[in-house]
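A.B. asks: mmCIF, C-alpha atoms, saved as my_file30.cif, coming up:
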data_final
loop_
_atom_site.label_atom_id
_atom_site.label_comp_id
_atom_site.auth_asym_id
_atom_site.auth_seq_id
_atom_site.Cartn_x
_atom_site.Cartn_y
_atom_site.Cartn_z
CA MET A 1 20.36 59.17 133.47
CA ALA A 2 17.75 56.54 132.87
CA LYS A 3 15.16 59.27 132.24
CA LYS A 4 17.44 61.05 129.79
CA LYS A 5 18.00 57.85 127.85
CA ALA A 6 14.37 57.17 127.83
CA ALA A 7 13.74 60.73 126.68
CA THR A 8 16.19 60.45 123.87
CA LYS A 9 14.76 57.11 122.81
CA SER A 10 11.28 58.55 122.85
CA THR A 11 12.28 61.61 120.85
CA SER A 12 14.11 59.51 118.29
CA LYS A 13 11.10 57.31 117.91
CA LYS A 14 8.86 60.37 117.52
CA HIS A 15 11.06 61.83 114.75
CA SER A 16 11.76 58.54 112.91
CA LYS A 17 8.18 57.39 112.40
CA PRO A 18 7.02 59.99 109.79
CA GLN A 19 9.93 59.24 107.39
CA PRO A 20 8.65 55.93 105.99
CA LYS A 21 5.42 57.63 104.94
CA VAL A 22 7.31 60.30 102.98
CA LYS A 23 9.55 57.75 101.32
CA ALA A 24 6.60 55.55 100.49
CA LYS A 25 4.80 58.47 98.88
CA ALA A 26 7.92 59.43 96.99
CA LYS A 27 8.36 55.87 95.71
CA ALA A 28 4.72 55.65 94.71
CA PHE A 29 4.95 58.98 92.90
CA SER A 30 8.15 57.93 91.10
CA LYS A 31 6.48 54.68 90.00
CA VAL A 32 3.57 56.64 88.54
CA ILE A 33 6.00 58.91 86.67
CA ALA A 34 8.01 55.91 85.51
CA LYS A 35 4.88 54.30 84.08
CA VAL A 36 3.70 57.45 82.36
CA ALA A 37 7.05 58.85 81.18
CA PRO A 38 8.18 55.92 78.94
CA LYS A 39 4.89 56.00 77.09
CA ALA A 40 5.16 59.70 76.50
CA GLN A 41 8.72 59.36 75.23
CA ALA A 42 8.16 56.29 73.10
CA LYS A 43 5.39 57.64 70.87
CA PRO A 44 7.16 60.71 69.50
CA ALA A 45 10.33 58.73 68.81
CA SER A 46 8.54 56.10 66.68
CA LYS A 47 6.54 58.70 64.78
CA SER A 48 9.54 60.87 64.05
CA LYS A 49 11.53 57.88 62.77
CA ALA A 50 8.70 56.78 60.49
CA LYS A 51 8.40 60.24 58.98
CA VAL A 52 12.08 60.90 58.46
CA ILE A 53 13.47 57.49 57.40
CA ALA A 54 10.76 55.22 55.98
CA LYS A 55 9.04 57.37 53.34
CA PRO A 56 11.77 59.35 51.54
CA GLN A 57 14.16 56.41 50.80
CA PRO A 58 12.13 54.37 48.22
CA LYS A 59 11.29 57.49 46.17
CA ALA A 60 14.88 58.70 46.01
CA VAL A 61 16.33 55.32 44.85
CA ALA A 62 13.69 53.81 42.51
CA LYS A 63 13.46 56.31 39.62
CA PRO A 64 17.15 56.84 38.76
CA VAL A 65 17.79 53.06 38.61
CA ALA A 66 14.90 52.45 36.19
CA LYS A 67 16.08 55.20 33.80
CA ALA A 68 19.70 54.08 33.89
CA THR A 69 18.83 50.52 32.82
CA VAL A 70 16.48 51.50 29.97
CA LYS A 71 18.28 54.36 28.17
CA PRO A 72 21.60 52.70 27.15
CA VAL A 73 19.84 50.06 24.99
CA ALA A 74 17.31 52.35 23.33
CA LYS A 75 18.12 52.65 19.58
CA PRO A 76 20.90 51.23 17.37
CA THR A 77 23.21 53.63 15.59
CA SER A 78 22.32 54.50 11.99
CA PHE A 79 23.66 52.27 9.23
CA LYS A 80 24.82 49.52 11.57
CA PRO A 81 23.92 45.99 10.37
CA LYS A 82 21.18 44.17 12.23
CA LYS A 83 23.55 41.24 12.57
CA PRO A 84 26.93 40.29 11.03
CA ILE A 85 26.51 39.91 7.25
CA LYS A 86 28.41 37.11 5.54
CA HIS A 87 26.29 35.54 2.80
CA ILE A 88 24.17 37.31 0.17
CA ALA A 89 22.45 35.19 -2.50
CA ILE A 90 20.71 36.12 -5.75
CA ALA A 91 17.92 33.90 -7.05
CA GLY A 92 16.01 34.06 -10.32
CA ASN A 93 15.04 32.29 -13.50
CA ILE A 94 17.34 31.80 -16.50
CA GLY A 95 17.96 35.25 -18.02
CA ALA A 96 16.75 37.24 -14.98
CA GLY A 97 20.11 39.02 -14.60
CA LYS A 98 21.67 37.22 -11.62
CA THR A 99 25.25 37.40 -12.93
CA THR A 100 24.90 41.08 -13.89
CA LEU A 101 23.54 42.07 -10.47
CA THR A 102 26.19 39.98 -8.70
CA LYS A 103 28.89 42.02 -10.46
CA ILE A 104 27.18 45.36 -9.68
CA LEU A 105 26.71 44.66 -5.95
CA SER A 106 30.11 43.02 -5.60
CA LYS A 107 31.82 46.12 -6.99
CA HIS A 108 29.76 48.59 -4.93
CA PHE A 109 29.92 46.88 -1.52
CA GLY A 110 33.31 45.19 -1.92
CA TRP A 111 31.85 41.68 -1.60
CA ILE A 112 33.48 38.56 -3.01
CA PRO A 113 31.49 37.32 -6.04
CA ASN A 114 30.67 33.62 -6.31
CA PHE A 115 29.41 32.82 -9.81
CA GLU A 116 27.54 29.82 -11.12
CA ASP A 117 29.94 27.47 -12.86
CA VAL A 118 28.56 27.28 -16.40
CA GLU A 119 31.73 27.41 -18.49
CA ASN A 120 33.37 24.39 -16.84
CA ASN A 121 30.19 22.38 -16.29
CA PRO A 122 30.78 18.98 -17.98
CA TYR A 123 27.05 18.20 -18.27
CA LEU A 124 25.45 21.45 -19.42
CA ASN A 125 25.77 21.08 -23.20
CA ASP A 126 24.74 17.44 -23.04
CA PHE A 127 21.74 18.33 -20.90
CA TYR A 128 20.38 20.85 -23.42
CA GLU A 129 20.84 18.27 -26.17
CA ASP A 130 19.19 15.39 -24.29
CA MET A 131 17.43 16.46 -21.08
CA PRO A 132 15.96 13.08 -19.99
CA ARG A 133 19.36 11.42 -20.24
CA TRP A 134 21.45 14.05 -18.42
CA SER A 135 19.01 15.81 -16.05
CA PHE A 136 19.95 13.81 -12.94
CA ASN A 137 23.68 14.12 -13.62
CA LEU A 138 23.41 17.87 -14.12
CA GLN A 139 21.38 18.44 -10.93
CA VAL A 140 23.78 16.38 -8.80
CA TYR A 141 26.69 18.38 -10.21
CA PHE A 142 25.02 21.68 -9.30
CA LEU A 143 24.05 20.38 -5.86
CA ASN A 144 27.63 19.37 -5.09
CA SER A 145 29.25 22.56 -6.43
CA ARG A 146 26.87 24.88 -4.54
CA PHE A 147 27.23 22.91 -1.31
CA LYS A 148 31.00 23.32 -1.65
CA GLN A 149 30.51 27.09 -2.11
CA ILE A 150 28.40 27.34 1.07
CA VAL A 151 31.01 25.44 3.09
CA GLU A 152 33.72 27.82 1.85
CA ILE A 153 31.57 30.87 2.70
CA LYS A 154 31.02 29.56 6.23
CA GLN A 155 34.72 28.90 6.78
CA GLY A 156 35.85 32.23 5.30
CA THR A 157 35.92 35.71 6.80
CA GLU A 158 34.76 37.79 3.80
CA VAL A 159 31.23 38.71 2.76
CA VAL A 160 30.29 36.65 -0.30
CA ILE A 161 27.53 37.28 -2.84
CA GLN A 162 26.39 34.07 -4.53
CA ASP A 163 24.95 33.77 -8.03
CA ARG A 164 22.00 31.32 -7.55
CA THR A 165 21.34 29.23 -4.44
CA ILE A 166 21.40 25.53 -3.68
CA HIS A 167 17.69 25.70 -2.85
CA GLU A 168 16.71 26.67 -6.40
CA ASP A 169 18.10 23.41 -7.74
CA ALA A 170 15.98 21.39 -5.31
CA MET A 171 12.84 23.56 -5.17
CA ILE A 172 12.59 24.63 -8.84
CA PHE A 173 14.76 22.84 -11.38
CA ALA A 174 14.60 19.23 -10.18
CA PRO A 175 10.79 19.27 -9.56
CA ASN A 176 10.27 20.93 -12.94
CA LEU A 177 12.34 18.30 -14.74
CA HIS A 178 10.43 15.55 -12.96
CA GLY A 179 7.07 17.20 -13.68
CA MET A 180 7.90 17.47 -17.40
CA GLY A 181 8.93 13.82 -17.55
CA LEU A 182 12.58 14.79 -18.08
CA MET A 183 13.75 13.10 -14.85
CA SER A 184 12.60 9.67 -13.70
CA THR A 185 10.80 9.25 -10.38
CA ARG A 186 13.62 7.05 -9.12
CA ASP A 187 16.25 9.72 -9.89
CA PHE A 188 14.07 12.52 -8.51
CA GLU A 189 13.50 10.74 -5.18
CA ASN A 190 17.21 9.93 -4.90
CA TYR A 191 18.12 13.54 -5.61
CA THR A 192 15.54 14.88 -3.11
CA LYS A 193 16.87 12.68 -0.30
CA LEU A 194 20.42 13.83 -1.04
CA TYR A 195 19.31 17.49 -0.88
CA GLU A 196 17.47 16.95 2.42
CA THR A 197 20.61 15.45 3.95
CA ILE A 198 22.71 18.41 2.81
CA SER A 199 20.15 21.08 3.78
CA ASP A 200 20.31 19.97 7.43
CA LEU A 201 23.99 20.98 7.45
CA ILE A 202 23.65 24.50 6.02
CA SER A 203 22.07 27.84 6.98
CA PRO A 204 20.02 30.17 4.75
CA PRO A 205 21.71 33.31 3.35
CA ASP A 206 21.63 36.52 5.41
CA LEU A 207 19.72 38.11 2.53
CA LEU A 208 18.05 36.47 -0.46
CA ILE A 209 17.51 38.77 -3.47
CA TYR A 210 14.89 37.42 -5.87
CA LEU A 211 14.83 38.77 -9.43
CA LYS A 212 11.22 38.59 -10.56
CA ALA A 213 10.74 38.74 -14.35
CA SER A 214 8.04 37.95 -16.90
CA VAL A 215 8.61 35.31 -19.58
CA PRO A 216 9.00 37.89 -22.44
CA THR A 217 11.70 39.73 -20.44
CA LEU A 218 13.50 36.46 -19.75
CA VAL A 219 13.40 35.38 -23.41
CA ASN A 220 14.64 38.79 -24.56
CA GLN A 221 17.61 38.74 -22.17
CA ILE A 222 18.46 35.11 -23.04
CA GLN A 223 18.58 36.03 -26.74
CA LYS A 224 20.59 39.19 -26.03
CA ARG A 225 23.45 37.39 -24.24
CA GLY A 226 23.61 34.74 -27.02
CA ARG A 227 24.80 31.66 -25.17
CA GLU A 228 24.96 28.82 -27.66
CA TYR A 229 23.80 26.09 -25.29
CA GLU A 230 20.62 28.09 -24.47
CA ASP A 231 19.43 28.16 -28.10
CA ASN A 232 17.50 24.93 -27.58
CA LEU A 233 15.56 26.15 -24.53
CA ARG A 234 11.85 25.64 -24.97
CA LEU A 235 9.40 28.39 -24.11
CA ASP A 236 7.25 26.08 -21.98
CA TYR A 237 10.37 25.13 -19.99
CA ILE A 238 11.00 28.81 -19.08
CA ARG A 239 7.33 29.35 -18.26
CA ARG A 240 7.13 26.35 -15.95
CA LEU A 241 10.32 27.43 -14.16
CA ASN A 242 8.73 30.82 -13.54
CA GLU A 243 5.69 29.14 -11.95
CA TYR A 244 7.92 27.11 -9.61
CA TYR A 245 9.88 30.25 -8.69
CA GLU A 246 6.74 32.18 -7.77
CA LYS A 247 5.48 29.27 -5.68
CA TRP A 248 8.79 28.95 -3.83
CA ILE A 249 9.19 32.68 -3.11
CA SER A 250 5.59 33.01 -1.88
CA THR A 251 6.35 30.50 0.89
CA TYR A 252 9.95 31.52 1.67
CA LYS A 253 10.30 32.10 5.45
CA GLU A 254 13.91 31.06 6.11
CA GLY A 255 15.37 34.57 6.25
CA ARG A 256 15.31 38.13 4.92
CA LEU A 257 13.99 38.49 1.37
CA LEU A 258 14.23 41.35 -1.14
CA ILE A 259 12.25 41.14 -4.40
CA ILE A 260 13.43 43.17 -7.41
CA ASP A 261 10.99 43.54 -10.31
CA VAL A 262 13.23 43.28 -13.37
CA ASP A 263 10.43 44.37 -15.72
CA ALA A 264 10.22 47.71 -13.86
CA ILE A 265 13.89 48.18 -12.89
CA ASN A 266 16.27 47.60 -15.81
CA PHE A 267 19.51 47.60 -13.83
CA ALA A 268 21.39 45.86 -16.66
CA ASP A 269 21.32 48.95 -18.91
CA ASP A 270 20.25 51.88 -16.70
CA SER A 271 22.66 53.45 -14.19
CA ASP A 272 19.78 55.10 -12.29
CA ALA A 273 18.12 51.71 -11.94
CA GLN A 274 21.40 50.31 -10.60
CA GLY A 275 21.44 53.03 -7.94
CA GLU A 276 17.85 52.20 -7.02
CA VAL A 277 18.70 48.52 -6.51
CA ILE A 278 21.79 49.42 -4.45
CA ASN A 279 19.67 51.65 -2.20
CA LYS A 280 17.13 48.86 -1.70
CA VAL A 281 19.87 46.38 -0.73
CA ASN A 282 21.52 48.94 1.56
CA ALA A 283 18.21 49.67 3.33
CA GLU A 284 17.42 45.98 3.76
CA LEU A 285 20.81 45.10 5.23
CA PHE A 286 21.64 48.21 7.26
CA GLY A 287 18.26 49.84 7.76
CA LEU A 288 17.25 53.49 7.73
CA PHE A 289 16.58 55.03 11.16
#
Starting from the file, give its structure as structure tokens.
C.D. replies:
Amino acid sequence: MAKKKAATKSTSKKHSKPQPKVKAKAKAFSKVIAKVAPKAQAKPASKSKAKVIAKPQPKAVAKPVAKATVKPVAKPTSFKPKKPIKHIAIAGNIGAGKTTLTKILSKHFGWIPNFEDVENNPYLNDFYEDMPRWSFNLQVYFLNSRFKQIVEIKQGTEVVIQDRTIHEDAMIFAPNLHGMGLMSTRDFENYTKLYETISDLISPPDLLIYLKASVPTLVNQIQKRGREYEDNLRLDYIRRLNEYYEKWISTYKEGRLLIIDVDAINFADDSDAQGEVINKVNAELFGLF
């Protein structure tokens, strides 16, 4: 029995010894595979992801967004105003045709006309009789009445076309009267300061239409309309006003400006000329695309 036990122990020992070597080799081999296999699997995965996901996405998204944001704001529709129109003003020397053009444009566009108050002016006749005495009074009256008109235009909702602007009184008529010795320096400085205070409170017209005319054309139209208080107007007075007008218009930068040459376009008597002026105003306000 002792021999059999010993024999079985010896046989078990003989068979059990080789197993650790096999397991050890198997473990070593699996470690080698484990080290190599992850590297082999990792590389293709990263490359395939980079090719499929990273490159196509920026190209697909970028171009449509850029086009969508640019196209809707490309060009305005034809005959739409550049901005809301509310105040049109006509400037020009005595006899240039401001009142006539105000009536023509008012009727065509449906604008509210705002005429210069000459009939009810309490100083006008006195001024033409004695300019040095009444020049300051007349200019202050015009300054006040035109400032009132501008305030009413601003508060209203209609488009208004104004016969002569507040700036002409300050930039042309008052300096001319002072330069001719028809307004004292004291009165002129007082008037100028009053205008500067008022001008800070107002805005320029949306469109200024200047009627440019030569002295002979002005004299002819003054005589044709036959206003009694204009019979005493001196030729040098009209000429000097024209010089101040040209100087003012050449430096006007406050807003849009349209110059109509009255010598070339007789809108007062010619219907074709009226249509030409209307087309010029329409193009300036609404544009042609």
A.B. asks: Which neighbours of Glu246 in chain A fall inside 12 Å, counting all atoms listed in the file, when residues of the same chain fewer than 6 positions from it are skipped, and could you give them as a count of residues only?
C.D. replies: 15
A.B. asks: Expand the PyMOL selection byres ((chain A and resi 217) around 12) into the explicit residue set it covers here, and present it as a ChimeraX atom specification.
C.D. replies: /A:93-97,211-216,218-224,238-239,242,261-266
A.B. asks: Output the selection as a CSV table (one decimal), in the frame of the given file - C-alpha atoms for each residue.
C.D. replies:
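Generated output (result_39.csv):
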chain,number,residue,atom,x,y,z
A,93,ASN,CA,15.0,32.3,-13.5
A,94,ILE,CA,17.3,31.8,-16.5
A,95,GLY,CA,18.0,35.2,-18.0
A,96,ALA,CA,16.8,37.2,-15.0
A,97,GLY,CA,20.1,39.0,-14.6
A,211,LEU,CA,14.8,38.8,-9.4
A,212,LYS,CA,11.2,38.6,-10.6
A,213,ALA,CA,10.7,38.7,-14.4
A,214,SER,CA,8.0,38.0,-16.9
A,215,VAL,CA,8.6,35.3,-19.6
A,216,PRO,CA,9.0,37.9,-22.4
A,218,LEU,CA,13.5,36.5,-19.8
A,219,VAL,CA,13.4,35.4,-23.4
A,220,ASN,CA,14.6,38.8,-24.6
A,221,GLN,CA,17.6,38.7,-22.2
A,222,ILE,CA,18.5,35.1,-23.0
A,223,GLN,CA,18.6,36.0,-26.7
A,224,LYS,CA,20.6,39.2,-26.0
A,238,ILE,CA,11.0,28.8,-19.1
A,239,ARG,CA,7.3,29.4,-18.3
A,242,ASN,CA,8.7,30.8,-13.5
A,261,ASP,CA,11.0,43.5,-10.3
A,262,VAL,CA,13.2,43.3,-13.4
A,263,ASP,CA,10.4,44.4,-15.7
A,264,ALA,CA,10.2,47.7,-13.9
A,265,ILE,CA,13.9,48.2,-12.9
A,266,ASN,CA,16.3,47.6,-15.8
A.B. asks: Work out how far CA of Ile90 in chain A is from CA of Arg164 in chain A, in Å to one decimal.
C.D. replies: 5.3 Å
A.B. asks: Mind giving me the straight-line distance from CA of Glu189 in chain A to CA of Leu233 in chain A in Å, one decimal?
C.D. replies: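 These two atoms are separated by 24.8 Å.
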A.B. asks: So that I can see what lies close to range 99-112 of chain A, please list as a PyMOL selection string the residues with an atom at most 12 Å from it, counting only C-alpha atoms and leaving out residues fewer than 5 positions away in the same chain.
C.D. replies: chain A and resi 85-94+117-118+149+152-153+156-164+209-211+221+225+260+262+265-271+273-282+285
A.B. asks: Any idea what's packed within 10 Å of range 122-135 of chain A, counting all atoms listed in the file, ignoring anything in its chain fewer than 6 positions away? Could you give it as a list of chain:residue names?
C.D. replies: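 Neighbouring residues, sequence-local ones excluded: A:Tyr141, A:Phe142, A:Phe173, A:Ala174, A:Leu177, A:His178, A:Met180, A:Gly181, A:Leu182, A:Met183, A:Ser184, A:Asp187, A:Phe188, A:Glu228, A:Tyr229, A:Glu230, A:Asp231, A:Asn232, A:Leu233, A:Arg234.
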A.B. asks: Any idea what the distance is between CA of Pro204 in chain A and CA of Lys154 in chain A?
C.D. replies: 11.1 Å
A.B. asks: Rank A:Lys247, A:Arg256, A:His167, A:Lys148 by their smallest atom-to-atom distance to Thr192 in chain A, using only C-alpha atoms, and report the top residue only.
C.D. replies: A:His167
A.B. asks: I'd like to see the residues matched by the PyMOL selection byres ((chain A and resi 202) around 9) on this file, and ideally I'd get them as an NGL selection string.
C.D. replies: :A and (147 or 150-151 or 154 or 198-201 or 203-204)
A.B. asks: Between A:Ile166, A:Leu194, A:Leu235, A:Leu207, which one has atoms that come closest to Glu254 in chain A, using all atoms listed in the file?
C.D. replies: A:Leu207
